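Structure below is protein-v4.cif: mmCIF, C-alpha atoms and all ligand atoms.
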```cif
data_query
#
loop_
_atom_site.label_atom_id
_atom_site.label_comp_id
_atom_site.auth_asym_id
_atom_site.auth_seq_id
_atom_site.Cartn_x
_atom_site.Cartn_y
_atom_site.Cartn_z
CA VAL A 1082 85.89 90.93 88.86
CA GLN A 1083 83.40 93.41 87.47
CA ALA A 1084 82.15 95.19 90.55
CA VAL A 1085 81.88 95.12 94.33
CA VAL A 1086 78.50 95.49 96.01
CA LEU A 1087 78.52 97.26 99.37
CA SER A 1088 76.31 96.26 102.29
CA ASP A 1089 73.99 99.21 101.51
CA GLY A 1090 73.52 97.89 97.98
CA GLU A 1091 75.80 100.41 96.26
CA ARG A 1092 77.58 98.82 93.31
CA ILE A 1093 81.09 100.02 92.43
CA ALA A 1094 82.46 98.93 89.07
CA CYS A 1095 86.08 97.76 89.21
CA ASP A 1096 88.46 95.28 87.63
CA ARG A 1097 90.80 94.77 90.62
CA VAL A 1098 90.14 94.25 94.32
CA LEU A 1099 92.69 94.77 97.06
CA VAL A 1100 91.63 92.89 100.19
CA GLY A 1101 92.84 94.33 103.52
CA ILE A 1102 92.56 91.68 106.25
CA GLY A 1103 92.96 92.26 109.96
CA ALA A 1104 92.49 96.02 110.19
CA VAL A 1105 89.78 95.56 112.83
CA PRO A 1106 90.53 93.17 115.69
CA GLU A 1107 87.97 90.45 116.40
CA ASP A 1108 88.20 90.70 120.19
CA ARG A 1109 84.65 89.60 120.98
CA LEU A 1110 85.93 86.49 122.78
CA GLY A 1111 87.90 88.76 125.14
CA ARG A 1112 85.00 91.19 125.60
CA ASP A 1113 82.57 88.35 126.34
CA ALA A 1114 85.04 87.06 128.94
CA GLY A 1115 85.07 90.50 130.61
CA LEU A 1116 88.70 91.31 129.69
CA ALA A 1117 89.69 94.96 129.24
CA CYS A 1118 89.64 95.55 125.47
CA GLU A 1119 90.58 98.65 123.57
CA ASP A 1120 91.22 97.97 119.91
CA GLY A 1121 92.17 94.41 120.93
CA VAL A 1122 92.66 92.72 124.29
CA VAL A 1123 94.80 94.95 126.50
CA VAL A 1124 97.87 93.07 127.80
CA ASP A 1125 101.10 93.97 129.55
CA ALA A 1126 104.63 93.03 128.45
CA GLN A 1127 104.10 89.46 129.68
CA GLY A 1128 100.73 89.05 127.94
CA ALA A 1129 98.77 89.36 131.19
CA THR A 1130 95.23 90.67 130.73
CA SER A 1131 93.06 92.60 133.19
CA ALA A 1132 91.89 89.27 134.63
CA GLU A 1133 94.04 87.30 137.00
CA ARG A 1134 95.68 84.21 135.46
CA VAL A 1135 94.44 84.98 131.95
CA TRP A 1136 97.09 85.68 129.31
CA VAL A 1137 96.64 86.48 125.63
CA ALA A 1138 99.19 86.53 122.80
CA GLY A 1139 99.07 87.41 119.13
CA ASP A 1140 97.19 89.66 116.73
CA MET A 1141 94.29 90.06 119.08
CA THR A 1142 96.35 91.95 121.69
CA CYS A 1143 96.99 95.64 122.17
CA ARG A 1144 100.14 96.46 124.13
CA CYS A 1145 103.10 98.80 124.59
CA VAL A 1146 105.97 97.71 122.35
CA GLU A 1147 109.63 98.74 122.12
CA GLY A 1148 109.83 102.21 120.57
CA SER A 1149 106.26 103.29 121.35
CA GLU A 1150 104.74 104.69 124.51
CA ALA A 1151 101.19 104.23 123.27
CA ARG A 1152 99.55 100.82 123.17
CA ARG A 1153 99.15 99.38 119.71
CA ARG A 1154 98.43 96.18 117.89
CA LEU A 1155 101.21 94.47 115.94
CA GLU A 1156 100.03 91.90 113.48
CA SER A 1157 103.01 89.79 112.54
CA ILE A 1158 104.38 86.32 113.08
CA PRO A 1159 107.49 87.56 114.96
CA SER A 1160 105.25 89.53 117.33
CA ALA A 1161 102.96 86.54 117.96
CA THR A 1162 105.91 84.22 118.64
CA GLU A 1163 107.63 86.79 120.88
CA GLN A 1164 104.44 87.11 122.91
CA ALA A 1165 104.04 83.33 123.04
CA ARG A 1166 107.49 83.13 124.67
CA GLN A 1167 106.57 85.90 127.13
CA VAL A 1168 103.29 84.24 128.06
CA ALA A 1169 104.88 80.78 128.41
CA ALA A 1170 107.53 82.23 130.76
CA ALA A 1171 104.87 84.03 132.82
CA ILE A 1172 102.71 80.91 133.16
CA ALA A 1173 105.75 78.78 134.07
CA GLY A 1174 106.97 81.39 136.57
CA ALA A 1175 110.26 81.76 134.65
CA SER A 1176 112.04 85.08 134.10
CA SER A 1177 110.70 87.07 131.15
CA PRO A 1178 112.66 87.07 127.88
CA ALA A 1179 113.91 90.56 126.94
CA PRO A 1180 111.34 92.47 124.85
CA GLU A 1181 112.10 92.40 121.13
CA VAL A 1182 112.34 95.29 118.71
CA PRO A 1183 109.16 94.98 116.60
CA TRP A 1184 109.99 93.36 113.28
CA PHE A 1185 108.28 91.89 110.28
CA TRP A 1186 109.19 89.89 107.20
CA SER A 1187 107.44 88.84 104.07
CA ASP A 1188 108.53 87.07 100.91
CA GLN A 1189 106.77 88.56 97.90
CA PHE A 1190 107.89 86.63 94.82
CA GLU A 1191 111.54 87.60 94.29
CA LEU A 1192 111.47 90.27 97.03
CA LYS A 1193 112.39 89.56 100.64
CA LEU A 1194 110.94 92.38 102.71
CA GLN A 1195 112.18 92.91 106.25
CA ILE A 1196 111.17 95.77 108.49
CA CYS A 1197 112.16 96.51 112.07
CA GLY A 1198 111.23 99.34 114.40
CA LEU A 1199 108.20 101.57 114.05
CA LEU A 1200 107.80 104.08 111.24
CA GLY A 1201 106.61 107.61 112.01
CA GLY A 1202 108.36 110.67 113.43
CA GLU A 1203 111.52 110.25 111.37
CA ASP A 1204 113.40 113.42 110.34
CA ALA A 1205 115.81 111.73 107.92
CA VAL A 1206 115.86 108.67 105.71
CA THR A 1207 119.24 107.30 104.64
CA ALA A 1208 119.44 104.77 101.81
CA ARG A 1209 122.02 102.08 101.19
CA GLY A 1210 122.06 99.76 98.20
CA ASP A 1211 120.50 99.98 94.76
CA PRO A 1212 116.70 100.32 94.43
CA ALA A 1213 116.99 99.74 90.65
CA ALA A 1214 118.48 96.32 91.40
CA ASP A 1215 115.79 95.56 94.05
CA ARG A 1216 118.46 95.37 96.75
CA PHE A 1217 118.47 98.24 99.21
CA ALA A 1218 117.69 99.36 102.75
CA LEU A 1219 116.17 102.57 104.11
CA PHE A 1220 117.26 103.70 107.56
CA HIS A 1221 114.75 106.02 109.24
CA THR A 1222 116.21 108.23 111.95
CA ALA A 1223 114.93 110.86 114.37
CA ALA A 1224 117.36 113.20 116.12
CA GLY A 1225 120.28 111.00 115.05
CA ARG A 1226 118.80 107.78 116.39
CA LEU A 1227 117.57 104.92 114.31
CA ILE A 1228 113.84 104.31 114.65
CA ALA A 1229 113.14 101.90 111.78
CA VAL A 1230 114.75 99.99 108.93
CA GLU A 1231 113.02 98.83 105.76
CA ALA A 1232 115.09 96.33 103.80
CA VAL A 1233 114.47 94.75 100.40
CA ASN A 1234 116.68 91.73 99.61
CA SER A 1235 119.23 93.10 102.09
CA PRO A 1236 119.23 90.77 105.09
CA ARG A 1237 122.66 91.89 106.32
CA ASP A 1238 121.62 95.56 106.42
CA PHE A 1239 118.44 94.50 108.14
CA MET A 1240 120.28 92.50 110.82
CA ALA A 1241 122.77 95.30 111.44
CA GLY A 1242 119.92 97.81 111.68
CA LYS A 1243 118.07 95.58 114.12
CA THR A 1244 121.15 95.45 116.34
CA LEU A 1245 121.54 99.24 116.21
CA LEU A 1246 117.87 99.66 117.07
CA ARG A 1247 118.04 97.25 119.97
CA GLU A 1248 121.06 99.05 121.40
CA ARG A 1249 119.46 102.51 120.89
CA ARG A 1250 122.82 104.06 120.14
CA PRO A 1251 123.13 107.32 118.18
CA VAL A 1252 124.21 106.68 114.58
CA ASP A 1253 126.50 108.75 112.39
CA LEU A 1254 124.23 109.49 109.41
CA HIS A 1255 127.17 110.32 107.17
CA ARG A 1256 128.82 106.95 107.81
CA LEU A 1257 125.46 105.19 107.60
CA GLY A 1258 125.00 106.53 104.07
CA ASP A 1259 128.60 105.84 103.07
CA GLU A 1260 128.64 102.38 101.51
CA SER A 1261 132.41 102.17 101.84
CA VAL A 1262 131.78 101.88 105.60
CA SER A 1263 130.47 98.42 106.40
CA LEU A 1264 127.49 98.24 108.73
CA ARG A 1265 129.43 95.69 110.74
CA GLU A 1266 131.88 98.51 111.54
CA LEU A 1267 129.03 100.79 112.61
CA VAL A 1268 127.58 98.11 114.84
CA ALA A 1269 130.96 97.41 116.40
CA ALA A 1270 131.76 101.12 116.93
C1 LIG B 1301 97.00 87.15 104.09
C2 LIG B 1301 97.94 87.33 105.24
C3 LIG B 1301 99.31 87.41 105.01
C4 LIG B 1301 100.20 87.58 106.06
N1 LIG B 1301 101.54 87.66 105.80
C5 LIG B 1301 102.39 87.81 106.82
C6 LIG B 1301 103.79 87.86 106.58
O1 LIG B 1301 104.25 87.78 105.44
N2 LIG B 1301 104.63 88.02 107.64
C7 LIG B 1301 104.16 88.12 108.93
O2 LIG B 1301 104.97 88.27 109.86
N3 LIG B 1301 102.83 88.06 109.19
C8 LIG B 1301 101.94 87.91 108.18
N4 LIG B 1301 100.59 87.86 108.43
C9 LIG B 1301 100.14 88.02 109.81
C10 LIG B 1301 100.29 86.70 110.58
O3 LIG B 1301 99.64 85.66 109.90
C11 LIG B 1301 99.65 86.91 111.96
O4 LIG B 1301 100.25 88.03 112.58
C12 LIG B 1301 99.82 85.69 112.84
O5 LIG B 1301 99.31 84.54 112.24
C13 LIG B 1301 99.11 85.95 114.17
O6 LIG B 1301 99.13 84.80 114.95
P1 LIG B 1301 97.97 84.55 115.99
O7 LIG B 1301 98.33 83.29 116.70
O8 LIG B 1301 97.72 85.78 116.78
O9 LIG B 1301 96.64 84.37 115.12
P2 LIG B 1301 96.28 83.23 114.03
O10 LIG B 1301 97.50 82.70 113.36
O11 LIG B 1301 95.20 83.86 113.20
O12 LIG B 1301 95.69 82.09 114.92
C14 LIG B 1301 94.45 82.22 115.61
C15 LIG B 1301 93.82 80.85 115.66
O13 LIG B 1301 92.69 80.88 116.56
C16 LIG B 1301 91.62 80.21 115.96
N5 LIG B 1301 90.38 80.74 116.57
C17 LIG B 1301 89.78 81.92 116.34
N6 LIG B 1301 88.68 82.05 117.10
C18 LIG B 1301 88.59 80.93 117.84
C19 LIG B 1301 87.68 80.47 118.81
N7 LIG B 1301 86.62 81.20 119.20
N8 LIG B 1301 87.90 79.26 119.36
C20 LIG B 1301 88.97 78.51 119.00
N9 LIG B 1301 89.88 78.91 118.08
C21 LIG B 1301 89.69 80.10 117.51
C22 LIG B 1301 91.74 80.50 114.48
O14 LIG B 1301 91.08 79.53 113.71
C23 LIG B 1301 93.27 80.42 114.30
O15 LIG B 1301 93.71 79.10 114.05
C24 LIG B 1301 99.70 87.68 107.39
C25 LIG B 1301 98.32 87.59 107.62
C26 LIG B 1301 97.45 87.42 106.57
C27 LIG B 1301 95.97 87.32 106.86
#
```

Write the structure described by the file as structure tokens, please.
Amino acid sequence: VQAVVLSDGERIACDRVLVGIGAVPEDRLGRDAGLACEDGVVVDAQGATSAERVWVAGDMTCRCVEGSEARRRLESIPSATEQARQVAAAIAGASSPAPEVPWFWSDQFELKLQICGLLGGEDAVTARGDPAADRFALFHTAAGRLIAVEAVNSPRDFMAGKTLLRERRPVDLHRLGDESVSLRELVAA
């Protein structure tokens, strides 16, 4: 790569390009169909749109999720599959599955990244593990409650954090940061 050329003809010399995909939702299909759209197709917890008997799931939707009052888009495979289950239950007239804590995973070469909850508004971040060894987890808390976990090659910490998040229990930050206390103990407490 030598340069990128913008739509107005400006040429910017560069030797690397980082491509960000999906920042703007392509919700034209929904708009053309007359569905309420606001940064994506607006849906409720069951994927129902503003039109009767029309449901939408996946990246294209904008909805309230666990841990956030405001509607937002979540672009991840777990979110799309969670919504698919919700929509299938709604269409079949079955009871709705419980809403999931938002979560995300990605395998980047030797790193397994797992994130649950929503970042933002934290007043403390407690680390467990060893960042130098690429195996650690960061627990984001606000007023003593867990709001998000970011884990790198630490699936057990991630799973324990996801349970704590789902149960919305206060956490003891001192014990959370004390690696002699197993997270299994904290979850069971
Ligand atoms: C580069 C990249 C890396 C990613 N990595 C991760 C990751 O590591 N982990 C993770 O959780 N998520 C990841 N994601 C996000 C994940 O892929 C999406 O959240 C997920 O695929 C959304 O599912 P979806 O069904 O909403 O949309 P999609 O999987 O995009 O499916 C939409 C389908 O609709 C079809 N379509 C579109 N318009 C029309 C039309 N008019 N008529 C008929 N068909 C149509 C498309 O061809 C497509 O097949 C990544 C995304 C990208 C782009």

Rank nothing, just name the residue among A:Asp1120, A:Ala1173, A:Val1082, A:Glu1231 nearest to Arg1152 in chain A, using only C-alpha atoms.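 Checking each candidate against Arg1152 in chain A, we get A:Asp1120 as the closest.
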
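The interatomic distance for the pair atom C18 of ligand LIG 1301 (chain B) and CA of Leu1087 in chain A works out to 26.6 Å.
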
Within 7 Å of ligand LIG 1301 (chain B), which residues of chain A come that close, and what is the closest atom pair and distance in Å for each? Count only C-alpha atoms and all ligand atoms and give it as a tab-separated table.
```
residue	atom	partner	partner_atom	distance
A:Ile1102	CA	B:LIG1301	C27	5.6
A:Gly1103	CA	B:LIG1301	C27	6.6
A:Leu1110	CA	B:LIG1301	N7	6.4
A:Ala1138	CA	B:LIG1301	O8	6.2
A:Gly1139	CA	B:LIG1301	O8	3.2
A:Asp1140	CA	B:LIG1301	O8	3.9
A:Met1141	CA	B:LIG1301	O8	5.9
A:Glu1156	CA	B:LIG1301	O4	4.0
A:Ser1157	CA	B:LIG1301	O4	3.3
A:Ile1158	CA	B:LIG1301	O2	3.8
A:Pro1159	CA	B:LIG1301	O2	5.7
A:Ala1161	CA	B:LIG1301	O6	5.2
A:Phe1185	CA	B:LIG1301	O2	4.9
A:Trp1186	CA	B:LIG1301	N2	4.9
A:Ser1187	CA	B:LIG1301	O1	3.6
A:Asp1188	CA	B:LIG1301	O1	6.3
```

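Look at Ser1263 in chain A: the protein and nucleic acid residues within 12 Å of it, using only C-alpha atoms and passing over chain neighbours fewer than 4 places away, are Arg1209, Gly1210, Arg1237, Asp1238, Ala1241, Gly1242, Arg1256, Leu1257, Gly1258, Asp1259, Leu1267, Val1268, Ala1269 and Ala1270 of chain A.
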
Hey, can you pull every residue with an atom no more than 10 Å from (87.6, 89.9, 126.7), using all atoms listed in the file, and send it as a list in words?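 Using all atoms listed in the file, the matching residues come out as Asp1108, Arg1109, Leu1110, Gly1111, Arg1112, Asp1113, Ala1114, Gly1115, Leu1116, Ala1117, Cys1118, Glu1119, Gly1121, Val1122, Val1123, Thr1130, Ser1131, Ala1132, Val1135 and Val1137 of chain A.
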
My list of candidates is A:Trp1184, A:Arg1250, A:Gly1101, A:Gly1201. Which is closest to Ala1232 in chain A when distances are computed with only C-alpha atoms?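 Of all the options, A:Trp1184 lies closest to Ala1232 in chain A.
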
Please provide as a CSV table (one decimal) with C-alpha atoms, in the frame of the given file all residues within 8 Å of range 1223-1228 of chain A, with the sequence filter that same-chain residues fewer than 6 positions apart are discarded (counting all atoms listed in the file).
```
chain,number,residue,atom,x,y,z
A,1148,GLY,CA,109.8,102.2,120.6
A,1198,GLY,CA,111.2,99.3,114.4
A,1199,LEU,CA,108.2,101.6,114.0
A,1200,LEU,CA,107.8,104.1,111.2
A,1202,GLY,CA,108.4,110.7,113.4
A,1203,GLU,CA,111.5,110.2,111.4
A,1204,ASP,CA,113.4,113.4,110.3
A,1205,ALA,CA,115.8,111.7,107.9
A,1242,GLY,CA,119.9,97.8,111.7
A,1245,LEU,CA,121.5,99.2,116.2
A,1246,LEU,CA,117.9,99.7,117.1
A,1249,ARG,CA,119.5,102.5,120.9
A,1250,ARG,CA,122.8,104.1,120.1
A,1251,PRO,CA,123.1,107.3,118.2
A,1252,VAL,CA,124.2,106.7,114.6
A,1253,ASP,CA,126.5,108.8,112.4
A,1254,LEU,CA,124.2,109.5,109.4
```

Could you rebuild range 1175-1211 of chain A with N, CA and C atoms and give me the result as a PDB file, in the frame of the given file?
```
ATOM      1  N   ALA A1175     108.849  81.547 135.015  1.00  0.00           N
ATOM      2  CA  ALA A1175     110.260  81.760 134.650  1.00  0.00           C
ATOM      3  C   ALA A1175     110.493  83.254 134.399  1.00  0.00           C
ATOM      4  N   SER A1176     111.779  83.664 134.353  1.00  0.00           N
ATOM      5  CA  SER A1176     112.040  85.080 134.100  1.00  0.00           C
ATOM      6  C   SER A1176     111.666  85.426 132.652  1.00  0.00           C
ATOM      7  N   SER A1177     111.206  86.668 132.471  1.00  0.00           N
ATOM      8  CA  SER A1177     110.700  87.070 131.150  1.00  0.00           C
ATOM      9  C   SER A1177     111.830  87.245 130.154  1.00  0.00           C
ATOM     10  N   PRO A1178     111.677  86.752 128.926  1.00  0.00           N
ATOM     11  CA  PRO A1178     112.660  87.070 127.880  1.00  0.00           C
ATOM     12  C   PRO A1178     112.680  88.578 127.638  1.00  0.00           C
ATOM     13  N   ALA A1179     113.829  89.119 127.216  1.00  0.00           N
ATOM     14  CA  ALA A1179     113.910  90.560 126.940  1.00  0.00           C
ATOM     15  C   ALA A1179     112.931  90.917 125.821  1.00  0.00           C
ATOM     16  N   PRO A1180     112.262  92.092 125.923  1.00  0.00           N
ATOM     17  CA  PRO A1180     111.340  92.470 124.850  1.00  0.00           C
ATOM     18  C   PRO A1180     112.087  92.655 123.533  1.00  0.00           C
ATOM     19  N   GLU A1181     111.441  92.285 122.443  1.00  0.00           N
ATOM     20  CA  GLU A1181     112.100  92.400 121.130  1.00  0.00           C
ATOM     21  C   GLU A1181     111.751  93.710 120.443  1.00  0.00           C
ATOM     22  N   VAL A1182     112.674  94.192 119.617  1.00  0.00           N
ATOM     23  CA  VAL A1182     112.340  95.290 118.710  1.00  0.00           C
ATOM     24  C   VAL A1182     111.270  94.744 117.754  1.00  0.00           C
ATOM     25  N   PRO A1183     110.167  95.487 117.533  1.00  0.00           N
ATOM     26  CA  PRO A1183     109.160  94.980 116.600  1.00  0.00           C
ATOM     27  C   PRO A1183     109.771  94.735 115.221  1.00  0.00           C
ATOM     28  N   TRP A1184     109.481  93.583 114.639  1.00  0.00           N
ATOM     29  CA  TRP A1184     109.990  93.360 113.280  1.00  0.00           C
ATOM     30  C   TRP A1184     109.027  92.492 112.492  1.00  0.00           C
ATOM     31  N   PHE A1185     109.234  92.488 111.194  1.00  0.00           N
ATOM     32  CA  PHE A1185     108.280  91.890 110.280  1.00  0.00           C
ATOM     33  C   PHE A1185     109.037  91.424 109.044  1.00  0.00           C
ATOM     34  N   TRP A1186     108.602  90.312 108.482  1.00  0.00           N
ATOM     35  CA  TRP A1186     109.190  89.890 107.200  1.00  0.00           C
ATOM     36  C   TRP A1186     108.081  89.413 106.287  1.00  0.00           C
ATOM     37  N   SER A1187     108.346  89.455 105.031  1.00  0.00           N
ATOM     38  CA  SER A1187     107.440  88.840 104.070  1.00  0.00           C
ATOM     39  C   SER A1187     108.207  88.545 102.794  1.00  0.00           C
ATOM     40  N   ASP A1188     107.938  87.390 102.209  1.00  0.00           N
ATOM     41  CA  ASP A1188     108.530  87.070 100.910  1.00  0.00           C
ATOM     42  C   ASP A1188     107.475  87.302  99.845  1.00  0.00           C
ATOM     43  N   GLN A1189     107.704  88.254  98.978  1.00  0.00           N
ATOM     44  CA  GLN A1189     106.770  88.560  97.900  1.00  0.00           C
ATOM     45  C   GLN A1189     107.471  88.272  96.580  1.00  0.00           C
ATOM     46  N   PHE A1190     107.216  87.072  96.035  1.00  0.00           N
ATOM     47  CA  PHE A1190     107.890  86.630  94.820  1.00  0.00           C
ATOM     48  C   PHE A1190     109.398  86.758  95.010  1.00  0.00           C
ATOM     49  N   GLU A1191     110.073  87.554  94.177  1.00  0.00           N
ATOM     50  CA  GLU A1191     111.540  87.600  94.290  1.00  0.00           C
ATOM     51  C   GLU A1191     112.016  88.615  95.338  1.00  0.00           C
ATOM     52  N   LEU A1192     111.076  89.241  96.058  1.00  0.00           N
ATOM     53  CA  LEU A1192     111.470  90.270  97.030  1.00  0.00           C
ATOM     54  C   LEU A1192     111.356  89.745  98.461  1.00  0.00           C
ATOM     55  N   LYS A1193     112.448  89.860  99.206  1.00  0.00           N
ATOM     56  CA  LYS A1193     112.390  89.560 100.640  1.00  0.00           C
ATOM     57  C   LYS A1193     112.290  90.893 101.370  1.00  0.00           C
ATOM     58  N   LEU A1194     111.148  91.128 101.978  1.00  0.00           N
ATOM     59  CA  LEU A1194     110.940  92.380 102.710  1.00  0.00           C
ATOM     60  C   LEU A1194     111.175  92.134 104.184  1.00  0.00           C
ATOM     61  N   GLN A1195     111.949  93.011 104.809  1.00  0.00           N
ATOM     62  CA  GLN A1195     112.180  92.910 106.250  1.00  0.00           C
ATOM     63  C   GLN A1195     112.115  94.318 106.836  1.00  0.00           C
ATOM     64  N   ILE A1196     111.347  94.452 107.866  1.00  0.00           N
ATOM     65  CA  ILE A1196     111.170  95.770 108.490  1.00  0.00           C
ATOM     66  C   ILE A1196     111.364  95.604 109.984  1.00  0.00           C
ATOM     67  N   CYS A1197     112.100  96.516 110.616  1.00  0.00           N
ATOM     68  CA  CYS A1197     112.160  96.510 112.070  1.00  0.00           C
ATOM     69  C   CYS A1197     111.992  97.929 112.584  1.00  0.00           C
ATOM     70  N   GLY A1198     111.526  98.026 113.836  1.00  0.00           N
ATOM     71  CA  GLY A1198     111.230  99.340 114.400  1.00  0.00           C
ATOM     72  C   GLY A1198     109.848  99.791 113.970  1.00  0.00           C
ATOM     73  N   LEU A1199     109.526 101.023 114.351  1.00  0.00           N
ATOM     74  CA  LEU A1199     108.200 101.570 114.050  1.00  0.00           C
ATOM     75  C   LEU A1199     108.362 102.846 113.241  1.00  0.00           C
ATOM     76  N   LEU A1200     107.720 102.897 112.097  1.00  0.00           N
ATOM     77  CA  LEU A1200     107.800 104.080 111.240  1.00  0.00           C
ATOM     78  C   LEU A1200     106.944 105.198 111.836  1.00  0.00           C
ATOM     79  N   GLY A1201     107.358 106.444 111.539  1.00  0.00           N
ATOM     80  CA  GLY A1201     106.610 107.610 112.010  1.00  0.00           C
ATOM     81  C   GLY A1201     107.506 108.457 112.895  1.00  0.00           C
ATOM     82  N   GLY A1202     107.564 109.764 112.604  1.00  0.00           N
ATOM     83  CA  GLY A1202     108.360 110.670 113.430  1.00  0.00           C
ATOM     84  C   GLY A1202     109.799 110.796 112.957  1.00  0.00           C
ATOM     85  N   GLU A1203     110.150 110.149 111.852  1.00  0.00           N
ATOM     86  CA  GLU A1203     111.520 110.250 111.370  1.00  0.00           C
ATOM     87  C   GLU A1203     111.793 111.649 110.795  1.00  0.00           C
ATOM     88  N   ASP A1204     113.049 112.145 110.959  1.00  0.00           N
ATOM     89  CA  ASP A1204     113.400 113.420 110.340  1.00  0.00           C
ATOM     90  C   ASP A1204     114.428 113.227 109.238  1.00  0.00           C
ATOM     91  N   ALA A1205     114.882 112.015 109.028  1.00  0.00           N
ATOM     92  CA  ALA A1205     115.810 111.730 107.920  1.00  0.00           C
ATOM     93  C   ALA A1205     115.662 110.277 107.505  1.00  0.00           C
ATOM     94  N   VAL A1206     115.868 110.042 106.223  1.00  0.00           N
ATOM     95  CA  VAL A1206     115.860 108.670 105.710  1.00  0.00           C
ATOM     96  C   VAL A1206     117.131 108.486 104.898  1.00  0.00           C
ATOM     97  N   THR A1207     117.955 107.533 105.304  1.00  0.00           N
ATOM     98  CA  THR A1207     119.240 107.300 104.640  1.00  0.00           C
ATOM     99  C   THR A1207     119.167 105.966 103.906  1.00  0.00           C
ATOM    100  N   ALA A1208     119.544 105.997 102.626  1.00  0.00           N
ATOM    101  CA  ALA A1208     119.440 104.770 101.810  1.00  0.00           C
ATOM    102  C   ALA A1208     120.811 104.142 101.628  1.00  0.00           C
ATOM    103  N   ARG A1209     120.830 102.838 101.590  1.00  0.00           N
ATOM    104  CA  ARG A1209     122.020 102.080 101.190  1.00  0.00           C
ATOM    105  C   ARG A1209     121.553 101.080 100.142  1.00  0.00           C
ATOM    106  N   GLY A1210     122.416 100.764  99.193  1.00  0.00           N
ATOM    107  CA  GLY A1210     122.060  99.760  98.200  1.00  0.00           C
ATOM    108  C   GLY A1210     121.557 100.388  96.913  1.00  0.00           C
ATOM    109  N   ASP A1211     120.880  99.557  96.106  1.00  0.00           N
ATOM    110  CA  ASP A1211     120.500  99.980  94.760  1.00  0.00           C
ATOM    111  C   ASP A1211     119.027  99.629  94.499  1.00  0.00           C
TER     112      ASP A1211
END
```
